[in-house]
Amino acid sequence: MNKKGFTLTELITVIAIIGLILLITIPVYTGVMNNNKEEKYKIYVETVEKAVLTYADIELPSTVETTGETSVYLSDLKTKGYLKDSSDVNVDDILITIKKENNKVTINVNGENELKLTFNDGDRTVECTKKECN
């Protein structure tokens with residue numbers, strides 16, 4: 001009698017090998033995806049910084065002697081067209097203070113001289129500057 005097919009031992013071995021492969025690849029894949037999200041957030045912070053500088057150049061007087069200060073919400077930058085609305089980035093709306101003295105622009109957010117944005121990433125919150133995410 002010539003039976004065709006796989007034995008139970010062969011099937012269990014194949015399932016165990018597939019399970020081991022998944023056990024190794026899923027954490028690696030998840031880590032890569034998280035790193036990609038953090039890179040996207042850092043790039044978004046840099047984009048916001050450039051939008052703020054563009055806003056300052058246009059909205060504040062441009063003469064060297066002039067000192068100016070203004071504040072703008074992140075949502076206003078989107079409304080006024082300085083920043084493209086990104087549906088895949090969920091970020092808290094913050095008030096950004098912009099000072100311009102002697103043609104030097106400084107950005108101040110919550111008393112810090114560095115732009116830091118808080119991203120809502122599903123089940124976690126991520127704070128990012130253009131250099132690092134926490």
# chains A, B, ... in the order shown; residues from 1 in each chain; ligands from 1
>>> select_by_dssp(residues="chain A", states="alpha helix (DSSP H)", output="MDAnalysis selection string")
chainID A and resid 8:59 74:79
>>> write_last_selection(atoms="C-alpha atoms", output="CSV table (one decimal), in the first residue's frame")
chain,number,residue,atom,x,y,z
A,8,LEU,CA,2.4,14.0,11.7
A,9,THR,CA,6.0,14.4,12.8
A,10,GLU,CA,6.9,16.2,9.5
A,11,LEU,CA,3.9,18.6,9.9
A,12,ILE,CA,4.8,19.4,13.5
A,13,THR,CA,8.4,20.1,12.5
A,14,VAL,CA,7.4,22.5,9.8
A,15,ILE,CA,5.0,24.3,12.1
A,16,ALA,CA,7.7,24.6,14.7
A,17,ILE,CA,10.2,26.0,12.2
A,18,ILE,CA,7.6,28.6,11.0
A,19,GLY,CA,6.9,29.5,14.6
A,20,LEU,CA,10.6,30.1,15.3
A,21,ILE,CA,11.0,32.3,12.2
A,22,LEU,CA,8.0,34.4,13.3
A,23,LEU,CA,9.4,34.6,16.8
A,24,ILE,CA,12.6,36.1,15.4
A,25,THR,CA,11.1,38.4,12.7
A,26,ILE,CA,8.2,40.0,14.4
A,27,PRO,CA,10.2,41.9,17.1
A,28,VAL,CA,12.7,43.0,14.4
A,29,TYR,CA,9.9,44.3,12.2
A,30,THR,CA,8.3,46.1,15.1
A,31,GLY,CA,11.6,47.8,16.0
A,32,VAL,CA,12.1,49.0,12.5
A,33,MET,CA,8.6,50.4,12.3
A,34,ASN,CA,9.1,52.3,15.6
A,35,ASN,CA,12.4,53.7,14.4
A,36,ASN,CA,10.8,54.8,11.1
A,37,LYS,CA,8.0,56.6,13.1
A,38,GLU,CA,10.6,58.4,15.2
A,39,GLU,CA,12.5,59.5,12.1
A,40,LYS,CA,9.3,60.8,10.6
A,41,TYR,CA,8.6,62.8,13.8
A,42,LYS,CA,12.1,64.3,13.8
A,43,ILE,CA,11.7,65.4,10.2
A,44,TYR,CA,8.2,66.9,11.0
A,45,VAL,CA,9.8,68.9,13.9
A,46,GLU,CA,12.4,70.2,11.4
A,47,THR,CA,9.6,71.1,8.9
A,48,VAL,CA,7.7,72.9,11.6
A,49,GLU,CA,10.8,74.9,12.5
A,50,LYS,CA,11.3,75.9,8.9
A,51,ALA,CA,7.6,76.9,8.7
A,52,VAL,CA,8.0,79.1,11.8
A,53,LEU,CA,11.1,80.8,10.4
A,54,THR,CA,9.3,81.5,7.1
A,55,TYR,CA,6.3,82.8,9.1
A,56,ALA,CA,8.7,85.1,11.1
A,57,ASP,CA,10.3,86.4,7.9
A,58,ILE,CA,7.0,87.3,6.4
A,59,GLU,CA,5.0,88.4,9.5
A,74,LEU,CA,0.8,75.3,15.3
A,75,SER,CA,-2.7,75.0,13.9
A,76,ASP,CA,-2.5,78.7,12.7
A,77,LEU,CA,0.6,77.8,10.7
A,78,LYS,CA,-1.4,75.1,8.9
A,79,THR,CA,-4.4,77.5,8.4
>>> residues_around(residues="Asn90 (chain A)", least_positions_apart="5", cutoff="9 Å", atoms="only C-alpha atoms", output="JSON list (two decimals) with N, CA, C and O atoms, in the first residue's frame")
[["chain", "number", "residue", "atom", "x", "y", "z"],
["A", 118, "THR", "N", 4.92, 67.17, 20.89],
["A", 118, "THR", "CA", 4.40, 65.94, 21.48],
["A", 118, "THR", "C", 3.48, 65.26, 20.47],
["A", 118, "THR", "O", 2.50, 65.85, 20.03],
["A", 119, "PHE", "N", 3.84, 64.05, 20.10],
["A", 119, "PHE", "CA", 3.08, 63.28, 19.13],
["A", 119, "PHE", "C", 2.26, 62.22, 19.85],
["A", 119, "PHE", "O", 2.75, 61.55, 20.75],
["A", 120, "ASN", "N", 1.01, 62.07, 19.44],
["A", 120, "ASN", "CA", 0.13, 61.04, 19.99],
["A", 120, "ASN", "C", 0.15, 59.85, 19.04],
["A", 120, "ASN", "O", -0.42, 59.91, 17.96],
["A", 121, "ASP", "N", 0.82, 58.80, 19.47],
["A", 121, "ASP", "CA", 1.04, 57.64, 18.61],
["A", 121, "ASP", "C", 0.23, 56.46, 19.14],
["A", 121, "ASP", "O", 0.77, 55.55, 19.76]]
>>> atom_distance(atom1="CA of Cys128 (chain A)", atom2="CA of Asn110 (chain A)")
14.1 Å
>>> select_by_dssp(residues="chain A", states="strand (DSSP E or B)", output="PDB file with all heavy atoms, in the first residue's frame")
ATOM      1  N   THR A  67      13.065  95.177  16.287  1.00  0.00           N
ATOM      2  CA  THR A  67      12.890  94.069  17.215  1.00  0.00           C
ATOM      3  C   THR A  67      11.414  93.722  17.209  1.00  0.00           C
ATOM      4  O   THR A  67      10.573  94.601  17.367  1.00  0.00           O
ATOM      5  CB  THR A  67      13.329  94.460  18.630  1.00  0.00           C
ATOM      6  OG1 THR A  67      14.702  94.804  18.592  1.00  0.00           O
ATOM      7  CG2 THR A  67      13.116  93.338  19.609  1.00  0.00           C
ATOM      8  N   GLY A  68      11.099  92.477  17.034  1.00  0.00           N
ATOM      9  CA  GLY A  68       9.707  92.071  17.014  1.00  0.00           C
ATOM     10  C   GLY A  68       9.495  90.770  17.743  1.00  0.00           C
ATOM     11  O   GLY A  68      10.413  89.981  17.921  1.00  0.00           O
ATOM     12  N   GLU A  69       8.281  90.592  18.221  1.00  0.00           N
ATOM     13  CA  GLU A  69       7.932  89.355  18.901  1.00  0.00           C
ATOM     14  C   GLU A  69       6.480  89.047  18.573  1.00  0.00           C
ATOM     15  O   GLU A  69       5.639  89.940  18.548  1.00  0.00           O
ATOM     16  CB  GLU A  69       8.113  89.492  20.409  1.00  0.00           C
ATOM     17  CG  GLU A  69       7.773  88.218  21.158  1.00  0.00           C
ATOM     18  CD  GLU A  69       8.080  88.302  22.643  1.00  0.00           C
ATOM     19  OE1 GLU A  69       8.958  89.093  23.020  1.00  0.00           O
ATOM     20  OE2 GLU A  69       7.437  87.595  23.406  1.00  0.00           O
ATOM     21  N   THR A  70       6.220  87.803  18.311  1.00  0.00           N
ATOM     22  CA  THR A  70       4.859  87.364  18.044  1.00  0.00           C
ATOM     23  C   THR A  70       4.710  85.922  18.508  1.00  0.00           C
ATOM     24  O   THR A  70       5.696  85.236  18.774  1.00  0.00           O
ATOM     25  CB  THR A  70       4.507  87.494  16.546  1.00  0.00           C
ATOM     26  OG1 THR A  70       3.109  87.245  16.387  1.00  0.00           O
ATOM     27  CG2 THR A  70       5.298  86.528  15.698  1.00  0.00           C
ATOM     28  N   SER A  71       3.486  85.490  18.607  1.00  0.00           N
ATOM     29  CA  SER A  71       3.192  84.106  18.952  1.00  0.00           C
ATOM     30  C   SER A  71       2.243  83.540  17.913  1.00  0.00           C
ATOM     31  O   SER A  71       1.418  84.260  17.351  1.00  0.00           O
ATOM     32  CB  SER A  71       2.553  84.016  20.335  1.00  0.00           C
ATOM     33  OG  SER A  71       3.451  84.436  21.321  1.00  0.00           O
ATOM     34  N   VAL A  72       2.375  82.271  17.670  1.00  0.00           N
ATOM     35  CA  VAL A  72       1.509  81.612  16.704  1.00  0.00           C
ATOM     36  C   VAL A  72       1.266  80.179  17.170  1.00  0.00           C
ATOM     37  O   VAL A  72       2.155  79.535  17.725  1.00  0.00           O
ATOM     38  CB  VAL A  72       2.129  81.641  15.284  1.00  0.00           C
ATOM     39  CG1 VAL A  72       3.421  80.864  15.233  1.00  0.00           C
ATOM     40  CG2 VAL A  72       1.151  81.131  14.243  1.00  0.00           C
ATOM     41  N   TYR A  73       0.051  79.719  17.002  1.00  0.00           N
ATOM     42  CA  TYR A  73      -0.263  78.323  17.292  1.00  0.00           C
ATOM     43  C   TYR A  73       0.129  77.466  16.092  1.00  0.00           C
ATOM     44  O   TYR A  73       0.095  77.929  14.951  1.00  0.00           O
ATOM     45  CB  TYR A  73      -1.754  78.137  17.590  1.00  0.00           C
ATOM     46  CG  TYR A  73      -2.150  78.545  18.981  1.00  0.00           C
ATOM     47  CD1 TYR A  73      -2.690  79.799  19.231  1.00  0.00           C
ATOM     48  CD2 TYR A  73      -1.955  77.678  20.046  1.00  0.00           C
ATOM     49  CE1 TYR A  73      -3.048  80.177  20.515  1.00  0.00           C
ATOM     50  CE2 TYR A  73      -2.309  78.047  21.332  1.00  0.00           C
ATOM     51  CZ  TYR A  73      -2.850  79.289  21.559  1.00  0.00           C
ATOM     52  OH  TYR A  73      -3.190  79.658  22.822  1.00  0.00           O
ATOM     53  N   VAL A  91      -0.213  65.548  16.291  1.00  0.00           N
ATOM     54  CA  VAL A  91       0.629  66.311  17.197  1.00  0.00           C
ATOM     55  C   VAL A  91      -0.240  67.304  17.968  1.00  0.00           C
ATOM     56  O   VAL A  91      -1.226  67.815  17.452  1.00  0.00           O
ATOM     57  CB  VAL A  91       1.767  67.035  16.423  1.00  0.00           C
ATOM     58  CG1 VAL A  91       1.205  68.043  15.460  1.00  0.00           C
ATOM     59  CG2 VAL A  91       2.759  67.684  17.355  1.00  0.00           C
ATOM     60  N   LEU A  95       1.602  76.680  21.460  1.00  0.00           N
ATOM     61  CA  LEU A  95       1.850  78.084  21.189  1.00  0.00           C
ATOM     62  C   LEU A  95       3.357  78.278  21.040  1.00  0.00           C
ATOM     63  O   LEU A  95       4.125  77.920  21.931  1.00  0.00           O
ATOM     64  CB  LEU A  95       1.305  78.954  22.323  1.00  0.00           C
ATOM     65  CG  LEU A  95       1.461  80.456  22.138  1.00  0.00           C
ATOM     66  CD1 LEU A  95       0.637  80.932  20.945  1.00  0.00           C
ATOM     67  CD2 LEU A  95       1.042  81.191  23.398  1.00  0.00           C
ATOM     68  N   ILE A  96       3.760  78.830  19.920  1.00  0.00           N
ATOM     69  CA  ILE A  96       5.168  79.047  19.625  1.00  0.00           C
ATOM     70  C   ILE A  96       5.425  80.552  19.668  1.00  0.00           C
ATOM     71  O   ILE A  96       4.749  81.322  18.985  1.00  0.00           O
ATOM     72  CB  ILE A  96       5.532  78.488  18.237  1.00  0.00           C
ATOM     73  CG1 ILE A  96       5.211  76.999  18.156  1.00  0.00           C
ATOM     74  CG2 ILE A  96       7.001  78.755  17.913  1.00  0.00           C
ATOM     75  CD1 ILE A  96       5.254  76.422  16.759  1.00  0.00           C
ATOM     76  N   THR A  97       6.381  80.974  20.488  1.00  0.00           N
ATOM     77  CA  THR A  97       6.759  82.380  20.568  1.00  0.00           C
ATOM     78  C   THR A  97       7.984  82.600  19.695  1.00  0.00           C
ATOM     79  O   THR A  97       8.958  81.856  19.794  1.00  0.00           O
ATOM     80  CB  THR A  97       7.068  82.781  22.026  1.00  0.00           C
ATOM     81  OG1 THR A  97       5.931  82.472  22.827  1.00  0.00           O
ATOM     82  CG2 THR A  97       7.365  84.262  22.134  1.00  0.00           C
ATOM     83  N   ILE A  98       7.906  83.626  18.871  1.00  0.00           N
ATOM     84  CA  ILE A  98       8.989  83.918  17.929  1.00  0.00           C
ATOM     85  C   ILE A  98       9.508  85.317  18.242  1.00  0.00           C
ATOM     86  O   ILE A  98       8.740  86.270  18.292  1.00  0.00           O
ATOM     87  CB  ILE A  98       8.480  83.879  16.477  1.00  0.00           C
ATOM     88  CG1 ILE A  98       7.736  82.576  16.198  1.00  0.00           C
ATOM     89  CG2 ILE A  98       9.633  84.069  15.508  1.00  0.00           C
ATOM     90  CD1 ILE A  98       6.810  82.655  15.026  1.00  0.00           C
ATOM     91  N   LYS A  99      10.811  85.415  18.474  1.00  0.00           N
ATOM     92  CA  LYS A  99      11.439  86.716  18.701  1.00  0.00           C
ATOM     93  C   LYS A  99      12.416  86.974  17.575  1.00  0.00           C
ATOM     94  O   LYS A  99      13.146  86.081  17.159  1.00  0.00           O
ATOM     95  CB  LYS A  99      12.205  86.733  20.026  1.00  0.00           C
ATOM     96  CG  LYS A  99      11.338  86.734  21.243  1.00  0.00           C
ATOM     97  CD  LYS A  99      12.186  86.846  22.494  1.00  0.00           C
ATOM     98  CE  LYS A  99      11.315  86.794  23.721  1.00  0.00           C
ATOM     99  NZ  LYS A  99      12.107  86.869  24.950  1.00  0.00           N
ATOM    100  N   LYS A 100      12.408  88.208  17.113  1.00  0.00           N
ATOM    101  CA  LYS A 100      13.336  88.587  16.055  1.00  0.00           C
ATOM    102  C   LYS A 100      14.091  89.829  16.522  1.00  0.00           C
ATOM    103  O   LYS A 100      13.498  90.864  16.762  1.00  0.00           O
ATOM    104  CB  LYS A 100      12.583  88.862  14.760  1.00  0.00           C
ATOM    105  CG  LYS A 100      13.477  89.068  13.563  1.00  0.00           C
ATOM    106  CD  LYS A 100      12.635  89.144  12.305  1.00  0.00           C
ATOM    107  CE  LYS A 100      13.513  89.165  11.080  1.00  0.00           C
ATOM    108  NZ  LYS A 100      12.724  89.235   9.859  1.00  0.00           N
ATOM    109  N   GLU A 101      15.386  89.670  16.714  1.00  0.00           N
ATOM    110  CA  GLU A 101      16.231  90.777  17.126  1.00  0.00           C
ATOM    111  C   GLU A 101      17.452  90.815  16.216  1.00  0.00           C
ATOM    112  O   GLU A 101      18.148  89.820  16.074  1.00  0.00           O
ATOM    113  CB  GLU A 101      16.691  90.617  18.576  1.00  0.00           C
ATOM    114  CG  GLU A 101      15.581  90.718  19.594  1.00  0.00           C
ATOM    115  CD  GLU A 101      16.108  90.619  20.996  1.00  0.00           C
ATOM    116  OE1 GLU A 101      16.816  91.531  21.428  1.00  0.00           O
ATOM    117  OE2 GLU A 101      15.803  89.607  21.648  1.00  0.00           O
ATOM    118  N   LYS A 104      18.021  88.096  13.841  1.00  0.00           N
ATOM    119  CA  LYS A 104      18.186  86.743  14.383  1.00  0.00           C
ATOM    120  C   LYS A 104      16.847  86.306  14.965  1.00  0.00           C
ATOM    121  O   LYS A 104      16.247  87.014  15.770  1.00  0.00           O
ATOM    122  CB  LYS A 104      19.258  86.716  15.469  1.00  0.00           C
ATOM    123  CG  LYS A 104      19.481  85.334  16.010  1.00  0.00           C
ATOM    124  CD  LYS A 104      20.523  85.306  17.094  1.00  0.00           C
ATOM    125  CE  LYS A 104      20.672  83.878  17.578  1.00  0.00           C
ATOM    126  NZ  LYS A 104      21.234  83.790  18.884  1.00  0.00           N
ATOM    127  N   VAL A 105      16.391  85.141  14.553  1.00  0.00           N
ATOM    128  CA  VAL A 105      15.102  84.629  15.001  1.00  0.00           C
ATOM    129  C   VAL A 105      15.323  83.538  16.028  1.00  0.00           C
ATOM    130  O   VAL A 105      16.111  82.617  15.809  1.00  0.00           O
ATOM    131  CB  VAL A 105      14.284  84.076  13.808  1.00  0.00           C
ATOM    132  CG1 VAL A 105      12.977  83.472  14.286  1.00  0.00           C
ATOM    133  CG2 VAL A 105      14.036  85.156  12.782  1.00  0.00           C
ATOM    134  N   THR A 106      14.635  83.643  17.170  1.00  0.00           N
ATOM    135  CA  THR A 106      14.673  82.581  18.180  1.00  0.00           C
ATOM    136  C   THR A 106      13.254  82.057  18.378  1.00  0.00           C
ATOM    137  O   THR A 106      12.289  82.821  18.355  1.00  0.00           O
ATOM    138  CB  THR A 106      15.239  83.073  19.527  1.00  0.00           C
ATOM    139  OG1 THR A 106      14.474  84.185  19.978  1.00  0.00           O
ATOM    140  CG2 THR A 106      16.693  83.454  19.402  1.00  0.00           C
ATOM    141  N   ILE A 107      13.172  80.777  18.577  1.00  0.00           N
ATOM    142  CA  ILE A 107      11.890  80.106  18.769  1.00  0.00           C
ATOM    143  C   ILE A 107      11.826  79.645  20.217  1.00  0.00           C
ATOM    144  O   ILE A 107      12.770  79.047  20.730  1.00  0.00           O
ATOM    145  CB  ILE A 107      11.751  78.893  17.823  1.00  0.00           C
ATOM    146  CG1 ILE A 107      11.840  79.346  16.372  1.00  0.00           C
ATOM    147  CG2 ILE A 107      10.462  78.148  18.084  1.00  0.00           C
ATOM    148  CD1 ILE A 107      11.963  78.212  15.389  1.00  0.00           C
ATOM    149  N   ASN A 108      10.710  79.927  20.879  1.00  0.00           N
ATOM    150  CA  ASN A 108      10.550  79.559  22.278  1.00  0.00           C
ATOM    151  C   ASN A 108       9.229  78.817  22.440  1.00  0.00           C
ATOM    152  O   ASN A 108       8.185  79.310  22.030  1.00  0.00           O
ATOM    153  CB  ASN A 108      10.565  80.829  23.139  1.00  0.00           C
ATOM    154  CG  ASN A 108      10.666  80.520  24.602  1.00  0.00           C
ATOM    155  OD1 ASN A 108       9.921  79.719  25.113  1.00  0.00           O
ATOM    156  ND2 ASN A 108      11.592  81.180  25.267  1.00  0.00           N
ATOM    157  N   VAL A 109       9.306  77.629  23.022  1.00  0.00           N
ATOM    158  CA  VAL A 109       8.110  76.825  23.293  1.00  0.00           C
ATOM    159  C   VAL A 109       8.156  76.406  24.754  1.00  0.00           C
ATOM    160  O   VAL A 109       9.098  75.731  25.181  1.00  0.00           O
ATOM    161  CB  VAL A 109       8.045  75.572  22.383  1.00  0.00           C
ATOM    162  CG1 VAL A 109       6.822  74.751  22.703  1.00  0.00           C
ATOM    163  CG2 VAL A 109       8.075  75.963  20.927  1.00  0.00           C
ATOM    164  N   GLU A 112      11.345  76.935  26.668  1.00  0.00           N
ATOM    165  CA  GLU A 112      12.554  76.297  26.143  1.00  0.00           C
ATOM    166  C   GLU A 112      12.899  76.913  24.797  1.00  0.00           C
ATOM    167  O   GLU A 112      12.018  77.232  24.013  1.00  0.00           O
ATOM    168  CB  GLU A 112      12.350  74.786  25.973  1.00  0.00           C
ATOM    169  CG  GLU A 112      12.096  74.059  27.275  1.00  0.00           C
ATOM    170  CD  GLU A 112      11.930  72.566  27.065  1.00  0.00           C
ATOM    171  OE1 GLU A 112      12.447  72.027  26.070  1.00  0.00           O
ATOM    172  OE2 GLU A 112      11.266  71.942  27.901  1.00  0.00           O
ATOM    173  N   LEU A 117       7.934  68.917  20.101  1.00  0.00           N
ATOM    174  CA  LEU A 117       6.543  68.595  19.824  1.00  0.00           C
ATOM    175  C   LEU A 117       6.170  67.277  20.475  1.00  0.00           C
ATOM    176  O   LEU A 117       6.996  66.373  20.592  1.00  0.00           O
ATOM    177  CB  LEU A 117       6.299  68.495  18.316  1.00  0.00           C
ATOM    178  CG  LEU A 117       6.555  69.758  17.495  1.00  0.00           C
ATOM    179  CD1 LEU A 117       6.297  69.478  16.020  1.00  0.00           C
ATOM    180  CD2 LEU A 117       5.688  70.900  17.967  1.00  0.00           C
ATOM    181  N   THR A 118       4.917  67.168  20.894  1.00  0.00           N
ATOM    182  CA  THR A 118       4.399  65.935  21.484  1.00  0.00           C
ATOM    183  C   THR A 118       3.485  65.260  20.469  1.00  0.00           C
ATOM    184  O   THR A 118       2.503  65.854  20.028  1.00  0.00           O
ATOM    185  CB  THR A 118       3.624  66.240  22.777  1.00  0.00           C
ATOM    186  OG1 THR A 118       4.495  66.929  23.673  1.00  0.00           O
ATOM    187  CG2 THR A 118       3.140  64.959  23.430  1.00  0.00           C
ATOM    188  N   PHE A 119       3.840  64.048  20.105  1.00  0.00           N
ATOM    189  CA  PHE A 119       3.080  63.277  19.128  1.00  0.00           C
ATOM    190  C   PHE A 119       2.257  62.223  19.846  1.00  0.00           C
ATOM    191  O   PHE A 119       2.748  61.553  20.754  1.00  0.00           O
ATOM    192  CB  PHE A 119       4.022  62.594  18.128  1.00  0.00           C
ATOM    193  CG  PHE A 119       4.817  63.563  17.304  1.00  0.00           C
ATOM    194  CD1 PHE A 119       6.056  64.000  17.724  1.00  0.00           C
ATOM    195  CD2 PHE A 119       4.318  64.049  16.117  1.00  0.00           C
ATOM    196  CE1 PHE A 119       6.795  64.898  16.970  1.00  0.00           C
ATOM    197  CE2 PHE A 119       5.040  64.946  15.348  1.00  0.00           C
ATOM    198  CZ  PHE A 119       6.279  65.375  15.780  1.00  0.00           C
ATOM    199  N   ASN A 120       1.010  62.070  19.438  1.00  0.00           N
ATOM    200  CA  ASN A 120       0.130  61.038  19.986  1.00  0.00           C
ATOM    201  C   ASN A 120       0.155  59.853  19.040  1.00  0.00           C
ATOM    202  O   ASN A 120      -0.417  59.908  17.958  1.00  0.00           O
ATOM    203  CB  ASN A 120      -1.283  61.577  20.158  1.00  0.00           C
ATOM    204  CG  ASN A 120      -1.317  62.773  21.075  1.00  0.00           C
ATOM    205  OD1 ASN A 120      -0.718  62.744  22.132  1.00  0.00           O
ATOM    206  ND2 ASN A 120      -1.985  63.830  20.660  1.00  0.00           N
ATOM    207  N   ASP A 121       0.823  58.799  19.471  1.00  0.00           N
ATOM    208  CA  ASP A 121       1.040  57.642  18.612  1.00  0.00           C
ATOM    209  C   ASP A 121       0.232  56.463  19.143  1.00  0.00           C
ATOM    210  O   ASP A 121       0.770  55.546  19.757  1.00  0.00           O
ATOM    211  CB  ASP A 121       2.536  57.309  18.573  1.00  0.00           C
ATOM    212  CG  ASP A 121       2.859  56.199  17.601  1.00  0.00           C
ATOM    213  OD1 ASP A 121       2.007  55.884  16.752  1.00  0.00           O
ATOM    214  OD2 ASP A 121       3.957  55.635  17.698  1.00  0.00           O
ATOM    215  N   ARG A 124       0.714  55.441  22.916  1.00  0.00           N
ATOM    216  CA  ARG A 124       1.822  56.106  23.608  1.00  0.00           C
ATOM    217  C   ARG A 124       1.977  57.540  23.118  1.00  0.00           C
ATOM    218  O   ARG A 124       1.490  57.906  22.059  1.00  0.00           O
ATOM    219  CB  ARG A 124       3.127  55.335  23.428  1.00  0.00           C
ATOM    220  CG  ARG A 124       3.655  55.329  22.028  1.00  0.00           C
ATOM    221  CD  ARG A 124       4.885  54.449  21.885  1.00  0.00           C
ATOM    222  NE  ARG A 124       5.424  54.592  20.543  1.00  0.00           N
ATOM    223  CZ  ARG A 124       6.671  54.876  20.277  1.00  0.00           C
ATOM    224  NH1 ARG A 124       7.533  55.020  21.252  1.00  0.00           N
ATOM    225  NH2 ARG A 124       7.095  54.989  19.048  1.00  0.00           N
ATOM    226  N   THR A 125       2.650  58.344  23.937  1.00  0.00           N
ATOM    227  CA  THR A 125       2.943  59.730  23.594  1.00  0.00           C
ATOM    228  C   THR A 125       4.445  59.860  23.438  1.00  0.00           C
ATOM    229  O   THR A 125       5.204  59.380  24.268  1.00  0.00           O
ATOM    230  CB  THR A 125       2.438  60.665  24.703  1.00  0.00           C
ATOM    231  OG1 THR A 125       1.039  60.457  24.871  1.00  0.00           O
ATOM    232  CG2 THR A 125       2.680  62.104  24.359  1.00  0.00           C
ATOM    233  N   VAL A 126       4.875  60.517  22.357  1.00  0.00           N
ATOM    234  CA  VAL A 126       6.295  60.649  22.058  1.00  0.00           C
ATOM    235  C   VAL A 126       6.639  62.132  21.957  1.00  0.00           C
ATOM    236  O   VAL A 126       5.983  62.867  21.229  1.00  0.00           O
ATOM    237  CB  VAL A 126       6.647  59.945  20.718  1.00  0.00           C
ATOM    238  CG1 VAL A 126       8.120  60.054  20.424  1.00  0.00           C
ATOM    239  CG2 VAL A 126       6.202  58.499  20.736  1.00  0.00           C
ATOM    240  N   GLU A 127       7.655  62.562  22.726  1.00  0.00           N
ATOM    241  CA  GLU A 127       8.152  63.935  22.620  1.00  0.00           C
ATOM    242  C   GLU A 127       9.400  63.929  21.761  1.00  0.00           C
ATOM    243  O   GLU A 127      10.308  63.135  21.989  1.00  0.00           O
ATOM    244  CB  GLU A 127       8.482  64.503  23.994  1.00  0.00           C
ATOM    245  CG  GLU A 127       7.292  65.003  24.751  1.00  0.00           C
ATOM    246  CD  GLU A 127       7.691  65.818  25.964  1.00  0.00           C
ATOM    247  OE1 GLU A 127       8.866  65.817  26.345  1.00  0.00           O
ATOM    248  OE2 GLU A 127       6.804  66.450  26.523  1.00  0.00           O
ATOM    249  N   CYS A 128       9.438  64.832  20.780  1.00  0.00           N
ATOM    250  CA  CYS A 128      10.568  64.854  19.856  1.00  0.00           C
ATOM    251  C   CYS A 128      11.074  66.269  19.629  1.00  0.00           C
ATOM    252  O   CYS A 128      10.294  67.213  19.558  1.00  0.00           O
ATOM    253  CB  CYS A 128      10.169  64.275  18.507  1.00  0.00           C
ATOM    254  SG  CYS A 128       9.890  62.516  18.504  1.00  0.00           S
ATOM    255  N   CYS A 133      13.986  61.640  20.039  1.00  0.00           N
ATOM    256  CA  CYS A 133      12.640  61.369  20.528  1.00  0.00           C
ATOM    257  C   CYS A 133      12.721  60.618  21.847  1.00  0.00           C
ATOM    258  O   CYS A 133      13.601  59.786  22.037  1.00  0.00           O
ATOM    259  CB  CYS A 133      11.849  60.536  19.522  1.00  0.00           C
ATOM    260  SG  CYS A 133      11.422  61.410  18.023  1.00  0.00           S
TER     261      CYS A 133
END
>>> atom_distance(atom1="CA of Lys130 (chain A)", atom2="CA of Leu83 (chain A)")
16.1 Å
